[in-house]
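Asks: Take this structure first; my questions come after.
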Amino acid sequence: MTPNNFTTVRDLLRYAVTRFNTANLFFGHGSNNAFDEAAYLILHTLKLPLDKLEPFLDAHLLPNETTQVLQVIERRTSERVPAAYLTNEAWLGDYRFYVDERVIVPRSFIAELIPEQFSPWVEDAESVTSILELCTGSGCLPIMLADAFPNAQVDAVDISADALEVARRNVADYALEDRISLIQSDLYDSVPKKKYDLIVTNPPYVNAGSMSKLPEEYRREPQIALAGGDDGMDLVRKIVAGAAERLTQNGVLIVEIGNERAFAEAAFPELELTWVSTSAGDDMVFLLTADQLKKQ
């Protein structure tokens with residue numbers, strides 16, 4: 001295809017949707033269908049408002065603009081690069097984050113719970129003064145946590161120095177350097193010896209069987225941020241085991257485990273996990289109190 005074959009945004013949109021569907025692309029990094037992903041990539045590439053497709057559908061494009069869009073469509077299709085890596089941005093709710101191949105593309109059901117300040121399990125958001133966020137990746141969750149809990153200092157931890165570089169950029173973009181500390185650590189190993197009101201984590205939890213079947217788009221992400229061992233619970237076990245001595249008396253641990261509820265319940269048969277409702281149901285996020293953890 002050459003730029004001369006396309007005149008308008010509508011032409012490119014139709015072409016992109018056909019290419020994406022013909023190639024059987026996987027959509028799980030912000031969009032869940034070919035049309036929405038095509039519209040997003042086209043609008044972003046043309047530096048148009050992401051929420052205003054209709055006014056520009058029949059806008060005539062310059063040849064160099066068409067070429068730029070076609071290059072993005074080609075990379076998304078032939079290389080199966082996640083859209084977020086092509087645009088260097090990802091969204092969680094109203095929050096925009098810089099991303100690149102050093103981090104997984106932000107996606108978290110915990111992000112749905114943060115604006116509600118984990119109510120009713122956290123009774124007084126203003127009394128939360130210390131939060132530990134493990135496996136931070138791009139730093140998206142600690143940024144949202146700092147906004148939701150205005151009196152809290154947040155320690156954000158990741159084992160990857162590369163991921164922390166991305167997180168540092170996002171923390172700076174939101175001017176939260178004075179409230180978020182980025183720590184390179186293998187979970188709790190290098191974390192300050194202090195107590196936290198909240199420990200929040202979206203760790204690697206994909207089990208070995210699922211890892212072997214991941215779509216190509218997910219294989220483009222850092223595998224260390226996805227793989228959770230045979231049953232997906234390798235890091236989750238360590239997080240749960242170390243949480244009791246890190247939580248304040250009324251502290252709460254919140255863990256995202258995706259589609260691994262059966263494995264999580266098998267890993268912690270002695271604990272009564274509280275499953276928190278999200279848009280995907282009651283299987284994605286569990287909660288444990290400090291009291292529960294200290295009794296195990």
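Following the order of the structure tokens, chains are lettered A, B, ..., residues in each are numbered from 1, and ligands are numbered from 1.
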Write down as a ChimeraX atom specification the residues belonging to region 129-199 of chain A that are assigned strand (DSSP E or B) by DSSP computed on the backbone.

Replies: /A:130-134,153-158,180-184,196-199

Asks: If we count only C-alpha atoms, what is near Leu132 (chain A) at a cut-off of 6 Å, once residues fewer than 3 positions away on the same chain are taken out, given as a PDB file with all heavy atoms, in the first residue's frame?

Replies:
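For reference, out_19.pdb as written:
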```pdb
ATOM      1  N   VAL A 154       4.585   6.833  50.036  1.00  0.00           N
ATOM      2  CA  VAL A 154       4.496   5.560  49.325  1.00  0.00           C
ATOM      3  C   VAL A 154       5.900   5.073  48.965  1.00  0.00           C
ATOM      4  O   VAL A 154       6.673   5.799  48.340  1.00  0.00           O
ATOM      5  CB  VAL A 154       3.666   5.700  48.032  1.00  0.00           C
ATOM      6  CG1 VAL A 154       3.507   4.328  47.352  1.00  0.00           C
ATOM      7  CG2 VAL A 154       2.297   6.306  48.322  1.00  0.00           C
ATOM      8  N   ASP A 155       6.225   3.855  49.393  1.00  0.00           N
ATOM      9  CA  ASP A 155       7.451   3.188  48.966  1.00  0.00           C
ATOM     10  C   ASP A 155       7.081   2.230  47.830  1.00  0.00           C
ATOM     11  O   ASP A 155       6.270   1.316  48.022  1.00  0.00           O
ATOM     12  CB  ASP A 155       8.084   2.403  50.120  1.00  0.00           C
ATOM     13  CG  ASP A 155       8.715   3.313  51.154  1.00  0.00           C
ATOM     14  OD1 ASP A 155       8.963   4.494  50.834  1.00  0.00           O
ATOM     15  OD2 ASP A 155       8.958   2.853  52.288  1.00  0.00           O
ATOM     16  N   ILE A 199      -0.252  -2.582  52.211  1.00  0.00           N
ATOM     17  CA  ILE A 199       0.672  -3.185  51.251  1.00  0.00           C
ATOM     18  C   ILE A 199      -0.165  -3.569  50.035  1.00  0.00           C
ATOM     19  O   ILE A 199      -1.160  -4.302  50.154  1.00  0.00           O
ATOM     20  CB  ILE A 199       1.388  -4.420  51.825  1.00  0.00           C
ATOM     21  CG1 ILE A 199       2.223  -4.040  53.046  1.00  0.00           C
ATOM     22  CG2 ILE A 199       2.272  -5.059  50.754  1.00  0.00           C
ATOM     23  CD1 ILE A 199       2.902  -5.230  53.716  1.00  0.00           C
TER      24      ILE A 199
END
```

Asks: In Å, how far is it from CA of Glu101 (chain A) to CA of Ile224 (chain A)?

Replies: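 Calculated distance between CA of Glu101 (chain A) and CA of Ile224 (chain A) is 12.3 Å.
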
Asks: In Å, with one decimal, what is the gap from CA of Ile180 (chain A) to CA of Gln292 (chain A)?

Replies: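 For CA of Ile180 (chain A) relative to CA of Gln292 (chain A), the distance reads 27.9 Å.
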
Asks: Point out the residue among A:Met144, A:Leu46, A:Val69, A:Val17 with the least atom-to-atom distance to Asp94 (chain A), counting only C-alpha atoms.

Replies: A:Met144

Asks: Just the residues within 12 Å of Leu43 (chain A), please, counting only C-alpha atoms, with nothing from its chain fewer than 3 positions along; format it as a list in words.

Replies: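 Listing them by chain and then by number gives Val9, Arg10, Leu12, Leu13, Asp36, Glu37, Ala38, Ala39, Tyr40, Leu46, Lys47, Leu48, Pro49, Leu50, Asp51, Lys52, Leu53, Glu54, Pro55, Phe56, Leu57, Ala59, Glu65, Thr66, Gln68, Val69, Val72 and Thr87 of chain A.
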
Asks: Using CA of Ile257 (chain A) and CA of Leu287 (chain A) as the two end points, give the distance in Å to one decimal.

Replies: 10.9 Å

Asks: Could you check which of A:Glu256, A:Asp283, A:Glu123, A:Glu112 is closest to Val240 (chain A), using only C-alpha atoms?

Replies: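 Ranked by minimum distance to Val240 (chain A), first place goes to A:Glu256.
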
Asks: May I have the residues within 9 Å of Arg102 (chain A) as a list in words, using only C-alpha atoms and disregarding those fewer than 5 positions away in the same chain?

Replies: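 Those residues are Gly137, Ser138, Ser160, Asp162, Ala163, Glu165, Val166, Glu221 and Pro222 of chain A.
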
Asks: Those residues with C-alpha atoms, as a PDB file, in the first residue's frame please?

Replies:
```pdb
ATOM      1  CA  GLY A 137       6.705  -1.597  37.115  1.00  0.00           C
ATOM      2  CA  SER A 138       5.880   1.750  35.504  1.00  0.00           C
ATOM      3  CA  SER A 160      14.213  -4.245  37.836  1.00  0.00           C
ATOM      4  CA  ASP A 162      15.033  -0.604  34.057  1.00  0.00           C
ATOM      5  CA  ALA A 163      11.451  -0.600  35.307  1.00  0.00           C
ATOM      6  CA  GLU A 165      13.782   4.254  35.427  1.00  0.00           C
ATOM      7  CA  VAL A 166      10.379   4.286  33.735  1.00  0.00           C
ATOM      8  CA  GLU A 221       6.658  -7.582  27.503  1.00  0.00           C
ATOM      9  CA  PRO A 222       9.362  -8.300  30.111  1.00  0.00           C
TER      10      PRO A 222
END
```

Asks: Taking only C-alpha atoms into account, which of A:Ser127, A:Asn32, A:Thr45, A:Leu288 comes nearest Gln71 (chain A)?

Replies: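 Among the listed residues, A:Thr45 lies closest to Gln71 (chain A).
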
Asks: For Val81 (chain A), which of A:Leu25, A:Asp158, A:Lys195, A:Ile42 is the closest residue, counting only C-alpha atoms?

Replies: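 Answer, going by the shortest atom-to-atom distance: A:Leu25.
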
Asks: Could you list, as JSON, numbers by chain, every residue within 10 Å of region 186-192 of chain A, counting only C-alpha atoms and ignoring same-chain residues fewer than 4 positions away?

Replies: {"A": [132, 133, 134, 135, 155, 156, 157, 158, 159, 160, 203, 235, 238, 239, 242, 243, 246]}

Asks: As number ranges by chain, which residues of region 48-292 of chain A does DSSP assign to alpha helix (DSSP H)?

Replies: A: 63-74, 83-87, 110-113, 140-148, 161-173, 208-211, 216-219, 234-243, 261-267, 290-292

Asks: Rank nothing, just name the residue among A:Gln153, A:Asn259, A:Thr18, A:Asn88 nearest to Leu41 (chain A), using only C-alpha atoms.

Replies: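 Answer, going by the shortest atom-to-atom distance: A:Asn88.
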
Asks: Write out as an MDAnalysis selection string the residues lying within 9 Å of Ala90 (chain A), counting only C-alpha atoms and excluding same-chain residues fewer than 2 positions away.

Replies: chainID A and resid 29:30 83:85 87:88 92 95:99 105:107

Asks: Point out the residue among A:Phe263, A:Gly139, A:Asp291, A:Gly251 with the least atom-to-atom distance to Phe118 (chain A), counting only C-alpha atoms.

Replies: A:Gly251

Asks: Can you pull out every residue within 12 Å of Ser119 (chain A), counting only C-alpha atoms, but drop anything in the same chain fewer than 4 positions away, and send it as an MDAnalysis selection string?

Replies: chainID A and resid 112:115 123:125 148 252 276:277 287
